[in-house]
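Listing of start-v6.cif; format and content: mmCIF, C-alpha atoms and all ligand atoms.
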data_start
#
loop_
_atom_site.label_atom_id
_atom_site.label_comp_id
_atom_site.auth_asym_id
_atom_site.auth_seq_id
_atom_site.Cartn_x
_atom_site.Cartn_y
_atom_site.Cartn_z
CA MET B 1 -35.76 58.20 39.22
CA SER B 2 -36.88 61.54 37.76
CA ALA B 3 -37.98 64.35 40.05
CA THR B 4 -41.51 64.41 38.62
CA ALA B 5 -44.23 61.84 37.92
CA ASN B 6 -47.09 62.08 35.45
CA VAL B 7 -50.38 61.07 37.03
CA THR B 8 -53.66 60.98 35.08
CA ILE B 9 -56.64 62.09 37.13
CA HIS B 10 -60.10 61.07 36.02
CA ARG B 11 -62.91 63.56 36.59
CA SER B 12 -64.51 61.18 39.13
CA GLN B 13 -61.79 62.43 41.52
CA PHE B 14 -61.95 66.11 40.57
CA PRO B 15 -62.62 68.35 43.61
CA ASP B 16 -66.30 68.97 42.80
CA ALA B 17 -66.99 65.22 42.55
CA VAL B 18 -65.11 64.51 45.79
CA ARG B 19 -67.04 67.28 47.59
CA ARG B 20 -70.36 65.88 46.30
CA ASP B 21 -69.44 62.40 47.57
CA LEU B 22 -68.36 63.77 50.95
CA LEU B 23 -71.59 65.72 51.45
CA LYS B 24 -73.60 62.63 50.47
CA SER B 25 -71.69 60.53 53.01
CA LEU B 26 -72.30 63.05 55.80
CA ARG B 27 -76.00 63.47 54.97
CA THR B 28 -76.59 59.70 54.97
CA ARG B 29 -74.31 59.05 58.00
CA CYS B 30 -72.66 56.32 55.91
CA MET B 31 -69.11 57.16 54.90
CA ASN B 32 -67.82 56.21 51.52
CA HIS B 33 -64.70 54.25 52.49
CA LYS B 34 -62.63 56.08 49.88
CA PHE B 35 -62.35 58.98 52.33
CA HIS B 36 -60.15 56.88 54.59
CA TYR B 37 -57.33 56.79 52.00
CA ASP B 38 -57.40 60.42 50.88
CA SER B 39 -54.50 62.15 52.57
CA VAL B 40 -50.83 61.30 52.88
CA LYS B 41 -51.38 60.79 56.63
CA GLN B 42 -54.25 58.33 56.07
CA THR B 43 -52.24 56.50 53.42
CA GLN B 44 -49.32 56.11 55.81
CA LYS B 45 -51.55 54.96 58.67
CA TRP B 46 -53.31 52.43 56.45
CA LEU B 47 -50.03 51.07 55.10
CA ALA B 48 -48.75 50.64 58.70
CA LEU B 49 -51.98 48.88 59.68
CA HIS B 50 -51.78 46.66 56.62
CA GLN B 51 -48.21 45.78 57.52
CA ILE B 52 -49.34 44.48 60.93
CA TYR B 53 -52.72 42.87 60.24
CA SER B 54 -52.68 41.77 56.61
CA PRO B 55 -51.89 38.05 56.22
CA THR B 56 -50.11 38.97 52.97
CA ARG B 57 -47.50 40.78 55.05
CA ASN B 58 -47.13 38.37 57.95
CA ASP B 59 -48.26 34.89 56.90
CA ALA B 60 -45.72 33.13 54.67
CA ASP B 61 -48.37 30.75 53.37
CA CYS B 62 -50.60 33.63 52.31
CA VAL B 63 -47.66 35.22 50.49
CA ALA B 64 -47.13 31.84 48.81
CA ILE B 65 -50.68 31.60 47.40
CA TYR B 66 -50.22 34.93 45.63
CA LYS B 67 -46.86 33.79 44.28
CA THR B 68 -48.35 30.54 42.94
CA ALA B 69 -51.23 32.44 41.35
CA PHE B 70 -48.81 34.93 39.75
CA GLU B 71 -46.62 32.15 38.38
CA ALA B 72 -49.69 30.39 36.97
CA VAL B 73 -50.82 33.52 35.11
CA ALA B 74 -47.31 34.44 33.95
CA GLU B 75 -47.01 30.98 32.44
CA LYS B 76 -50.25 31.43 30.50
CA ILE B 77 -49.18 34.75 28.97
CA LYS B 78 -47.60 34.13 25.60
CA ALA B 79 -47.34 37.74 24.38
CA LYS B 80 -43.97 39.52 24.71
CA GLN B 81 -45.58 42.59 26.28
CA VAL B 82 -48.21 42.55 28.99
CA HIS B 83 -50.19 45.30 30.69
CA VAL B 84 -51.12 45.03 34.37
CA ILE B 85 -53.99 47.23 35.54
CA GLY B 86 -54.07 47.34 39.34
CA LEU B 87 -57.58 48.40 40.35
CA GLY B 88 -57.44 49.82 43.89
CA CYS B 89 -53.69 49.22 43.87
CA GLY B 90 -53.00 50.50 47.40
CA GLY B 91 -49.23 50.48 47.96
CA GLY B 92 -48.80 48.22 44.93
CA GLN B 93 -46.90 45.46 46.77
CA LYS B 94 -48.96 42.60 45.35
CA ASP B 95 -49.02 44.02 41.81
CA THR B 96 -45.24 44.45 41.95
CA ARG B 97 -44.78 40.78 42.84
CA LEU B 98 -46.87 39.96 39.77
CA LEU B 99 -44.67 42.26 37.66
CA LYS B 100 -41.63 40.36 39.00
CA SER B 101 -43.11 36.99 37.96
CA LEU B 102 -43.75 38.37 34.46
CA LYS B 103 -40.25 39.80 34.23
CA ARG B 104 -38.70 36.49 35.34
CA ARG B 105 -40.41 34.89 32.35
CA GLY B 106 -38.95 37.44 29.98
CA ARG B 107 -42.13 39.47 29.47
CA GLU B 108 -41.97 43.25 29.16
CA ALA B 109 -44.49 44.50 31.72
CA PHE B 110 -46.39 47.78 31.74
CA TYR B 111 -48.25 48.86 34.86
CA MET B 112 -51.20 51.14 35.50
CA PRO B 113 -51.66 51.58 39.27
CA CYS B 114 -55.22 52.78 39.66
CA ASP B 115 -56.62 54.12 42.89
CA VAL B 116 -58.86 56.79 44.32
CA SER B 117 -55.89 58.17 46.26
CA THR B 118 -53.12 60.12 44.55
CA ALA B 119 -50.78 59.30 47.45
CA MET B 120 -51.45 55.56 46.98
CA VAL B 121 -50.77 55.55 43.22
CA LEU B 122 -47.51 57.38 43.87
CA VAL B 123 -46.50 54.82 46.51
CA ALA B 124 -47.51 51.99 44.12
CA ARG B 125 -45.51 53.61 41.32
CA GLN B 126 -42.44 53.85 43.52
CA THR B 127 -42.81 50.20 44.58
CA ALA B 128 -43.16 49.08 40.95
CA LEU B 129 -40.13 51.05 39.75
CA ALA B 130 -37.94 48.47 41.48
CA VAL B 131 -39.03 46.11 38.69
CA ILE B 132 -40.10 48.15 35.63
CA PRO B 133 -38.74 51.33 34.03
CA GLU B 134 -40.51 54.65 34.68
CA GLU B 135 -41.80 54.93 31.13
CA ASN B 136 -43.73 51.64 31.59
CA CYS B 137 -45.73 52.96 34.56
CA SER B 138 -48.86 55.13 34.10
CA PRO B 139 -50.49 56.03 37.45
CA PHE B 140 -54.23 56.67 37.18
CA VAL B 141 -56.48 58.24 39.82
CA CYS B 142 -60.20 57.52 39.60
CA ASP B 143 -63.20 56.44 41.62
CA LEU B 144 -64.06 52.96 40.38
CA ALA B 145 -67.50 53.17 41.91
CA THR B 146 -68.65 56.35 40.17
CA ALA B 147 -66.63 56.58 36.94
CA ASP B 148 -68.78 55.16 34.16
CA ASP B 149 -66.43 55.60 31.21
CA LEU B 150 -63.29 53.87 32.43
CA LEU B 151 -63.10 51.44 29.55
CA ALA B 152 -62.83 54.41 27.21
CA ALA B 153 -60.41 56.21 29.54
CA PHE B 154 -58.20 53.11 29.72
CA GLY B 155 -58.72 52.55 25.99
CA SER B 156 -56.61 55.57 25.17
CA GLN B 157 -53.69 53.89 26.94
CA PHE B 158 -54.04 50.35 25.53
CA SER B 159 -54.49 48.81 22.12
CA LEU B 160 -57.29 46.28 21.66
CA HIS B 161 -54.76 43.51 21.11
CA ASP B 162 -52.69 44.10 24.22
CA SER B 163 -52.36 41.20 26.58
CA ARG B 164 -53.84 42.37 29.88
CA ILE B 165 -54.05 41.27 33.48
CA VAL B 166 -56.53 43.16 35.64
CA THR B 167 -55.98 42.88 39.39
CA PHE B 168 -58.62 43.51 42.04
CA PHE B 169 -56.91 42.66 45.29
CA GLY B 170 -58.56 43.13 48.68
CA MET B 171 -61.16 45.45 47.16
CA ILE B 172 -64.37 43.44 47.20
CA PRO B 173 -64.81 43.53 51.02
CA ASN B 174 -65.37 47.30 51.05
CA PHE B 175 -67.99 47.52 48.32
CA GLU B 176 -71.55 46.37 47.94
CA PRO B 177 -70.93 43.51 45.48
CA GLU B 178 -74.05 44.30 43.46
CA GLU B 179 -72.71 47.81 42.81
CA ILE B 180 -69.04 47.19 42.05
CA LEU B 181 -69.11 43.83 40.26
CA PRO B 182 -71.00 45.03 37.15
CA LYS B 183 -68.31 47.74 36.82
CA LEU B 184 -65.47 45.30 37.32
CA SER B 185 -66.97 42.87 34.84
CA SER B 186 -67.31 45.63 32.23
CA LEU B 187 -63.58 46.41 32.56
CA VAL B 188 -62.49 42.85 31.84
CA ARG B 189 -62.39 42.00 28.13
CA PRO B 190 -62.99 38.39 27.01
CA LYS B 191 -59.27 37.58 26.56
CA ASP B 192 -58.10 39.40 29.71
CA PHE B 193 -57.03 37.66 32.87
CA LEU B 194 -58.60 38.88 36.10
CA LEU B 195 -56.77 38.19 39.36
CA PHE B 196 -59.14 38.77 42.25
CA SER B 197 -58.50 38.32 45.95
CA ALA B 198 -60.83 38.34 48.90
CA ASN B 199 -60.56 38.23 52.65
CA LEU B 200 -62.40 35.14 53.82
CA ALA B 201 -64.20 33.96 56.93
CA PRO B 202 -62.30 30.78 57.88
CA GLY B 203 -63.80 27.38 58.66
CA LYS B 204 -67.06 25.62 57.87
CA ASN B 205 -69.16 27.69 60.23
CA TYR B 206 -69.55 31.16 58.65
CA THR B 207 -70.63 32.88 61.89
CA ALA B 208 -67.76 31.37 63.90
CA GLY B 209 -65.33 32.37 61.12
CA MET B 210 -66.55 35.97 61.34
CA LYS B 211 -66.01 36.03 65.10
CA LYS B 212 -62.49 34.74 64.62
CA ILE B 213 -61.45 37.59 62.29
CA LEU B 214 -63.19 40.40 64.24
CA PRO B 215 -59.99 41.34 66.19
CA GLN B 216 -58.31 42.17 62.86
CA TYR B 217 -60.63 45.21 62.78
CA ASP B 218 -61.53 45.80 66.42
CA ASN B 219 -58.17 47.20 67.50
CA ALA B 220 -56.54 50.51 68.38
CA LEU B 221 -54.63 50.91 65.09
CA THR B 222 -57.79 50.57 62.97
CA ALA B 223 -59.67 53.02 65.21
CA ASP B 224 -56.76 55.46 64.94
CA TRP B 225 -56.74 55.19 61.12
CA LEU B 226 -60.55 55.73 60.93
CA MET B 227 -60.36 58.60 63.45
CA THR B 228 -58.01 60.55 61.13
CA PHE B 229 -60.93 61.31 58.85
CA LEU B 230 -63.18 62.44 61.73
CA LEU B 231 -60.44 64.67 63.15
CA ASP B 232 -60.08 66.35 59.74
CA LEU B 233 -63.78 67.20 59.85
CA GLY B 234 -63.52 68.74 63.33
CA ILE B 235 -64.86 65.78 65.30
CA GLU B 236 -62.78 65.01 68.39
CA LYS B 237 -61.94 61.74 70.13
CA PRO B 238 -63.95 62.51 73.32
CA ASP B 239 -67.05 63.15 71.12
CA GLY B 240 -67.78 59.44 71.03
CA LYS B 241 -66.71 55.82 70.86
CA PHE B 242 -65.95 53.27 68.17
CA GLU B 243 -67.94 50.07 67.83
CA PHE B 244 -66.95 47.14 65.61
CA LYS B 245 -69.76 44.68 65.00
CA ILE B 246 -70.63 41.71 62.78
CA GLU B 247 -73.77 42.30 60.71
CA ASN B 248 -75.72 40.57 57.96
CA GLY B 249 -75.30 42.37 54.64
CA GLY B 250 -76.86 41.67 51.23
CA SER B 251 -76.29 38.62 49.00
CA ASP B 252 -76.15 36.13 51.91
CA LEU B 253 -72.96 37.80 53.18
CA LYS B 254 -71.77 38.94 56.58
CA ARG B 255 -69.58 41.93 57.26
CA VAL B 256 -67.69 43.71 60.01
CA VAL B 257 -69.02 47.25 60.44
CA ALA B 258 -67.24 50.11 62.23
CA ARG B 259 -69.39 52.89 63.68
CA PHE B 260 -68.61 56.00 65.70
CA HIS B 261 -71.29 56.60 68.37
CA PHE B 262 -71.58 60.18 69.56
CA SER B 263 -71.67 60.54 73.34
CA ARG B 264 -72.10 64.32 73.06
CA THR B 265 -73.52 66.60 70.41
CA ARG B 266 -71.08 67.88 67.80
CA GLN B 267 -71.74 70.31 64.99
CA ILE B 268 -69.42 70.62 62.00
CA LYS B 269 -69.47 72.69 58.83
CA VAL B 270 -68.37 71.50 55.40
CA ASP B 271 -68.49 74.21 52.74
CA ASN B 272 -71.65 76.05 53.67
CA GLU B 273 -73.50 73.05 55.02
CA SER B 274 -73.81 72.34 58.74
CA PHE B 275 -74.06 68.83 60.13
CA LYS B 276 -75.26 68.23 63.65
CA PHE B 277 -74.53 64.84 65.21
CA ARG B 278 -76.66 64.50 68.32
CA ARG B 279 -75.73 62.49 71.38
CA GLY B 280 -76.76 58.87 70.75
CA GLU B 281 -76.46 59.20 66.96
CA SER B 282 -73.87 57.21 65.03
CA ILE B 283 -72.02 57.40 61.76
CA ARG B 284 -70.99 54.30 59.82
CA LEU B 285 -67.33 54.68 58.94
CA PHE B 286 -66.40 51.44 57.29
CA PHE B 287 -67.49 47.90 56.47
CA SER B 288 -65.67 44.80 55.35
CA TYR B 289 -67.53 41.85 53.85
CA ARG B 290 -65.93 38.48 54.42
CA TYR B 291 -66.54 35.78 51.85
CA THR B 292 -66.04 32.04 51.60
CA PRO B 293 -64.56 30.51 48.39
CA GLU B 294 -68.02 29.22 47.39
CA ARG B 295 -69.57 32.65 47.92
CA VAL B 296 -66.83 34.29 45.79
CA CYS B 297 -67.42 31.91 42.85
CA LYS B 298 -71.20 32.27 43.10
CA ILE B 299 -71.24 36.05 43.13
CA LEU B 300 -68.62 36.42 40.38
CA ALA B 301 -70.63 34.02 38.17
CA LYS B 302 -73.69 36.23 38.64
CA PHE B 303 -71.76 39.03 36.92
CA GLY B 304 -70.34 36.94 34.08
CA LEU B 305 -66.94 36.20 35.66
CA GLU B 306 -65.87 32.57 35.73
CA VAL B 307 -63.27 31.30 38.18
CA SER B 308 -60.75 28.99 36.50
CA GLY B 309 -58.27 28.69 39.36
CA GLN B 310 -58.20 29.38 43.06
CA TRP B 311 -55.55 29.39 45.76
CA ILE B 312 -56.70 29.47 49.37
CA ALA B 313 -54.34 30.15 52.31
CA LYS B 314 -54.04 27.40 54.92
CA SER B 315 -55.50 29.81 57.46
CA GLN B 316 -58.56 30.01 55.13
CA GLU B 317 -58.54 33.77 55.71
CA GLU B 318 -57.58 34.82 52.20
CA GLY B 319 -57.99 33.48 48.68
CA VAL B 320 -56.75 34.42 45.20
CA PHE B 321 -58.98 33.66 42.22
CA LEU B 322 -58.12 33.61 38.52
CA CYS B 323 -61.13 34.64 36.47
CA HIS B 324 -62.27 35.26 32.91
CA ARG B 325 -65.24 36.92 31.30
CA LYS B 326 -67.75 34.27 30.25
C1 LIG Q 1 -58.02 47.48 51.21
S1 LIG Q 1 -57.05 48.48 50.19
C2 LIG Q 1 -56.39 47.29 49.03
C3 LIG Q 1 -55.07 47.72 48.45
C4 LIG Q 1 -54.31 46.71 47.59
N1 LIG Q 1 -55.06 46.29 46.43
C5 LIG Q 1 -53.89 45.53 48.42
O1 LIG Q 1 -54.46 44.45 48.26
O2 LIG Q 1 -52.97 45.68 49.22
C6 LIG Q 1 -58.25 49.34 49.29
C7 LIG Q 1 -57.70 50.33 48.25
O3 LIG Q 1 -58.79 50.76 47.46
C8 LIG Q 1 -58.72 52.15 47.23
N2 LIG Q 1 -60.10 52.58 46.99
C9 LIG Q 1 -61.09 52.74 47.88
N3 LIG Q 1 -62.21 53.13 47.28
C10 LIG Q 1 -61.91 53.23 45.96
C11 LIG Q 1 -62.67 53.60 44.82
N4 LIG Q 1 -63.95 53.96 44.94
N5 LIG Q 1 -62.06 53.60 43.61
C12 LIG Q 1 -60.74 53.27 43.50
N6 LIG Q 1 -59.98 52.90 44.56
C13 LIG Q 1 -60.56 52.88 45.76
C14 LIG Q 1 -58.10 52.70 48.49
O4 LIG Q 1 -57.52 53.95 48.28
C15 LIG Q 1 -57.10 51.60 48.85
O5 LIG Q 1 -55.85 51.84 48.27
#
How does the structure come out when it is put into structure tokens?
Ligand SMILES: C[S@@+](CC[C@H](N)C(=O)[O-])C[C@H]1O[C@@H](n2cnc3c(N)ncnc32)[C@H](O)[C@@H]1O
Amino acid sequence: MSATANVTIHRSQFPDAVRRDLLKSLRTRCMNHKFHYDSVKQTQKWLALHQIYSPTRNDADCVAIYKTAFEAVAEKIKAKQVHVIGLGCGGGQKDTRLLKSLKRRGREAFYMPCDVSTAMVLVARQTALAVIPEENCSPFVCDLATADDLLAAFGSQFSLHDSRIVTFFGMIPNFEPEEILPKLSSLVRPKDFLLFSANLAPGKNYTAGMKKILPQYDNALTADWLMTFLLDLGIEKPDGKFEFKIENGGSDLKRVVARFHFSRTRQIKVDNESFKFRRGESIRLFFSYRYTPERVCKILAKFGLEVSGQWIAKSQEEGVFLCHRK
């Protein structure tokens, strides 16, 4: 592997844009979750957390649904060359398994790991290089939520006729669906394949399903990962306590919300702006919507994305969906 890597950085992650988003988060007391993946330390903590709590790392059946979905897509691809765009790629483990399925079928795969975090795209690149050559990997840093010209930015890297698979794995829980899905839909061209996965609330009773998955968030490792961001700002552990709660969100969906409640007043300064968190105040650090398969299909349809195949883990806690633009 060469000693350097070329990474394209979209202006949505230039320092002035990141500072604007951070100040907005602090003023509204609602953190943009992208700030939990920013640094190398946060990336490492999240990857460790993912390793322990994600069913894709510790439930063989969940691993199998991804494999079946990847084989199904690889079989449908007839072109010799195929481009995989991993939106919110994280460490790139799932995308790399897809690249393997494509390679097994004799396809030449190209990969664009796309994430808000430079550290993540570099980890994803390294993971993918076990399967594809360096020159086939083009890491791309951007904020999917704020960049409004990504189709054009991607356009410079792909030809109109390229066969493409867009992946959006484990991303939907952390966004307001009404905000991110129009963007996702605009990035999928009519002949593209979209592989989408969502964390689900298991069972027939939505509320009971939510209660069952709450411990996957309400634990010391998650609190430690979320605390990293607060510590960077100058907020200390004894300043407050974490609370993980189930709430009703929009679009008939429920979510787990993590808040930090201040038990003493803390003042911090970012650039020239001061923020005072008074005792009793709280800051929302994170949320994770949990879907059911029916809710996934319904909300995707609202944004012009049709589900043509779905694979649900036996635990009913995760599902992979193959979609197309209507
Ligand atoms: C829950 S992880 C999912 C990672 C991976 N797709 C997987 O399934 O293992 C969420 C990923 O989204 C990235 N992310 C968060 N906000 C983002 C944004 N606004 N634009 C692009 N990526 C974002 C994070 O850096 C993180 O890697």
Per residue of chain B within 8 Å of ligand LIG 1 (chain Q), what are the shortest atom pair and its distance in Å to one decimal, counting all atoms listed in the file, with rows by chain and residue number, as a Markdown table?
| residue | atom | partner | partner_atom | distance |
| --- | --- | --- | --- | --- |
| B:Asn32 | CA | Q:LIG1 | N3 | 7.7 |
| B:His33 | CA | Q:LIG1 | N3 | 5.9 |
| B:Lys34 | CA | Q:LIG1 | N3 | 4.0 |
| B:Phe35 | CA | Q:LIG1 | N3 | 7.7 |
| B:His36 | CA | Q:LIG1 | O4 | 7.4 |
| B:Tyr37 | CA | Q:LIG1 | O4 | 4.7 |
| B:Asp38 | CA | Q:LIG1 | O4 | 7.0 |
| B:Thr43 | CA | Q:LIG1 | O4 | 7.8 |
| B:His50 | CA | Q:LIG1 | O2 | 7.6 |
| B:Gly86 | CA | Q:LIG1 | N1 | 7.2 |
| B:Leu87 | CA | Q:LIG1 | C12 | 6.6 |
| B:Gly88 | CA | Q:LIG1 | O3 | 3.9 |
| B:Cys89 | CA | Q:LIG1 | N1 | 4.1 |
| B:Gly90 | CA | Q:LIG1 | O5 | 3.3 |
| B:Gly91 | CA | Q:LIG1 | O2 | 6.2 |
| B:Gly92 | CA | Q:LIG1 | C4 | 6.3 |
| B:Gln93 | CA | Q:LIG1 | O2 | 6.5 |
| B:Lys94 | CA | Q:LIG1 | O2 | 6.4 |
| B:Asp95 | CA | Q:LIG1 | N1 | 7.9 |
| B:Cys114 | CA | Q:LIG1 | C12 | 6.7 |
| B:Asp115 | CA | Q:LIG1 | N6 | 3.9 |
| B:Val116 | CA | Q:LIG1 | N6 | 4.1 |
| B:Ser117 | CA | Q:LIG1 | O4 | 5.0 |
| B:Met120 | CA | Q:LIG1 | O5 | 5.9 |
| B:Val141 | CA | Q:LIG1 | C12 | 7.5 |
| B:Cys142 | CA | Q:LIG1 | C12 | 5.8 |
| B:Asp143 | CA | Q:LIG1 | N5 | 3.7 |
| B:Leu144 | CA | Q:LIG1 | N5 | 3.9 |
| B:Ala145 | CA | Q:LIG1 | N4 | 4.7 |
| B:Thr146 | CA | Q:LIG1 | N4 | 7.1 |
| B:Thr167 | CA | Q:LIG1 | N1 | 7.9 |
| B:Phe168 | CA | Q:LIG1 | N1 | 6.3 |
| B:Phe169 | CA | Q:LIG1 | N1 | 4.2 |
| B:Gly170 | CA | Q:LIG1 | O1 | 4.3 |
| B:Met171 | CA | Q:LIG1 | C6 | 5.3 |
| B:Pro173 | CA | Q:LIG1 | C1 | 7.9 |
| B:Asn174 | CA | Q:LIG1 | C1 | 7.4 |
| B:Ser197 | CA | Q:LIG1 | O1 | 7.7 |
Find the residues near region 223-225 of chain B: any atom within 7 Å, counting all atoms listed in the file, skip ones fewer than 4 places away on the same chain, and give them as a short mmCIF file (atom, residue, chain, number, x, y, z; two decimals) with C-alpha atoms, in the coordinates of the input.
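What ended up in result.cif:
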data_model
loop_
_atom_site.label_atom_id
_atom_site.label_comp_id
_atom_site.auth_asym_id
_atom_site.auth_seq_id
_atom_site.Cartn_x
_atom_site.Cartn_y
_atom_site.Cartn_z
CA GLN B 42 -54.25 58.33 56.07
CA LYS B 45 -51.55 54.96 58.67
CA TRP B 46 -53.31 52.43 56.45
CA ASN B 219 -58.17 47.20 67.50
CA PHE B 242 -65.95 53.27 68.17
#
message: Residues proximal to (-68.8, 38.1, 51.9) were defined as those with any atom within 7 Å of that point in the file's coordinates, counting only C-alpha atoms. Which are they, as a list of chain:residue names?
response: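 Within 7 Å of (-68.8, 38.1, 51.9), the protein and nucleic acid residues are B:Pro173, B:Leu253, B:Lys254, B:Arg255, B:Tyr289, B:Arg290, B:Tyr291, B:Thr292, B:Arg295.
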With C-alpha atoms retained, write the just-selected residues as a short mmCIF file (atom, residue, chain, number, x, y, z; two decimals), in the frame of the given file.
data_model
loop_
_atom_site.label_atom_id
_atom_site.label_comp_id
_atom_site.auth_asym_id
_atom_site.auth_seq_id
_atom_site.Cartn_x
_atom_site.Cartn_y
_atom_site.Cartn_z
CA PRO B 173 -64.81 43.53 51.02
CA LEU B 253 -72.96 37.80 53.18
CA LYS B 254 -71.77 38.94 56.58
CA ARG B 255 -69.58 41.93 57.26
CA TYR B 289 -67.53 41.85 53.85
CA ARG B 290 -65.93 38.48 54.42
CA TYR B 291 -66.54 35.78 51.85
CA THR B 292 -66.04 32.04 51.60
CA ARG B 295 -69.57 32.65 47.92
#
message: For region 246-251 of chain B, find every residue with an atom within 10 Å (counting only C-alpha atoms), except residues of its own chain fewer than 5 positions away, and show them as number ranges by chain.
response: B: 176-178, 207, 210-211, 214, 256-258, 287-289, 295, 299
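Of the residues under consideration (B:Pro293, B:Gly234, B:Gly319, B:Gly240), B:Gly240 shows the shortest atom-to-atom contact distance to Glu281 (chain B) when counting all atoms listed in the file.
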task: Show which residues sit within 12 Å of region 269-275 of chain B, as a list in words. Count all atoms listed in the file, and ignore same-chain residues fewer than 5 positions away.
output: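 Close residues of region 269-275 of chain B: Asp16, Arg19, Arg20, Leu22, Leu23, Lys24, Ser25, Leu26, Arg27, Thr28, Arg29, Asp232, Leu233, Gly234, Ile235 and Ile283 of chain B.
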Starting from 6 Å padding per side, set up an axis-aligned box that covers all listed atoms of region 134-149 of chain B and hand over centre and edge lengths in Å, one decimal, as lines of an AutoDock Vina configuration file.
center_x = -54.6
center_y = 54.9
center_z = 36.5
size_x = 40.3
size_y = 18.6
size_z = 22.8
As a PDB file, in the coordinates of the input, please: region 44-58 of chain B completed to N, CA and C atoms.
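Writing done, so here's result-v2.pdb:
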ATOM      1  N   GLN B  44     -50.395  56.671  54.986  1.00  0.00           N
ATOM      2  CA  GLN B  44     -49.320  56.110  55.810  1.00  0.00           C
ATOM      3  C   GLN B  44     -49.873  55.257  56.940  1.00  0.00           C
ATOM      4  N   LYS B  45     -50.965  55.724  57.556  1.00  0.00           N
ATOM      5  CA  LYS B  45     -51.550  54.960  58.670  1.00  0.00           C
ATOM      6  C   LYS B  45     -52.104  53.632  58.152  1.00  0.00           C
ATOM      7  N   TRP B  46     -52.747  53.681  56.978  1.00  0.00           N
ATOM      8  CA  TRP B  46     -53.310  52.430  56.450  1.00  0.00           C
ATOM      9  C   TRP B  46     -52.192  51.448  56.086  1.00  0.00           C
ATOM     10  N   LEU B  47     -51.124  51.955  55.488  1.00  0.00           N
ATOM     11  CA  LEU B  47     -50.030  51.070  55.100  1.00  0.00           C
ATOM     12  C   LEU B  47     -49.401  50.418  56.350  1.00  0.00           C
ATOM     13  N   ALA B  48     -49.321  51.185  57.450  1.00  0.00           N
ATOM     14  CA  ALA B  48     -48.750  50.640  58.700  1.00  0.00           C
ATOM     15  C   ALA B  48     -49.677  49.559  59.273  1.00  0.00           C
ATOM     16  N   LEU B  49     -50.969  49.824  59.197  1.00  0.00           N
ATOM     17  CA  LEU B  49     -51.980  48.880  59.680  1.00  0.00           C
ATOM     18  C   LEU B  49     -51.936  47.579  58.859  1.00  0.00           C
ATOM     19  N   HIS B  50     -51.837  47.765  57.564  1.00  0.00           N
ATOM     20  CA  HIS B  50     -51.780  46.660  56.620  1.00  0.00           C
ATOM     21  C   HIS B  50     -50.555  45.788  56.912  1.00  0.00           C
ATOM     22  N   GLN B  51     -49.456  46.466  57.219  1.00  0.00           N
ATOM     23  CA  GLN B  51     -48.210  45.780  57.520  1.00  0.00           C
ATOM     24  C   GLN B  51     -48.382  44.841  58.729  1.00  0.00           C
ATOM     25  N   ILE B  52     -49.173  45.276  59.706  1.00  0.00           N
ATOM     26  CA  ILE B  52     -49.340  44.480  60.930  1.00  0.00           C
ATOM     27  C   ILE B  52     -50.433  43.421  60.791  1.00  0.00           C
ATOM     28  N   TYR B  53     -51.576  43.796  60.213  1.00  0.00           N
ATOM     29  CA  TYR B  53     -52.720  42.870  60.240  1.00  0.00           C
ATOM     30  C   TYR B  53     -52.947  42.075  58.956  1.00  0.00           C
ATOM     31  N   SER B  54     -52.376  42.516  57.828  1.00  0.00           N
ATOM     32  CA  SER B  54     -52.680  41.770  56.610  1.00  0.00           C
ATOM     33  C   SER B  54     -51.900  40.462  56.562  1.00  0.00           C
ATOM     34  N   PRO B  55     -52.602  39.330  56.325  1.00  0.00           N
ATOM     35  CA  PRO B  55     -51.890  38.050  56.220  1.00  0.00           C
ATOM     36  C   PRO B  55     -50.863  38.069  55.084  1.00  0.00           C
ATOM     37  N   THR B  56     -51.075  38.959  54.087  1.00  0.00           N
ATOM     38  CA  THR B  56     -50.110  38.970  52.970  1.00  0.00           C
ATOM     39  C   THR B  56     -48.786  39.578  53.396  1.00  0.00           C
ATOM     40  N   ARG B  57     -48.756  40.199  54.577  1.00  0.00           N
ATOM     41  CA  ARG B  57     -47.500  40.780  55.050  1.00  0.00           C
ATOM     42  C   ARG B  57     -46.880  39.933  56.156  1.00  0.00           C
ATOM     43  N   ASN B  58     -47.701  39.079  56.805  1.00  0.00           N
ATOM     44  CA  ASN B  58     -47.130  38.370  57.950  1.00  0.00           C
ATOM     45  C   ASN B  58     -47.433  36.866  57.997  1.00  0.00           C
TER      46      ASN B  58
END
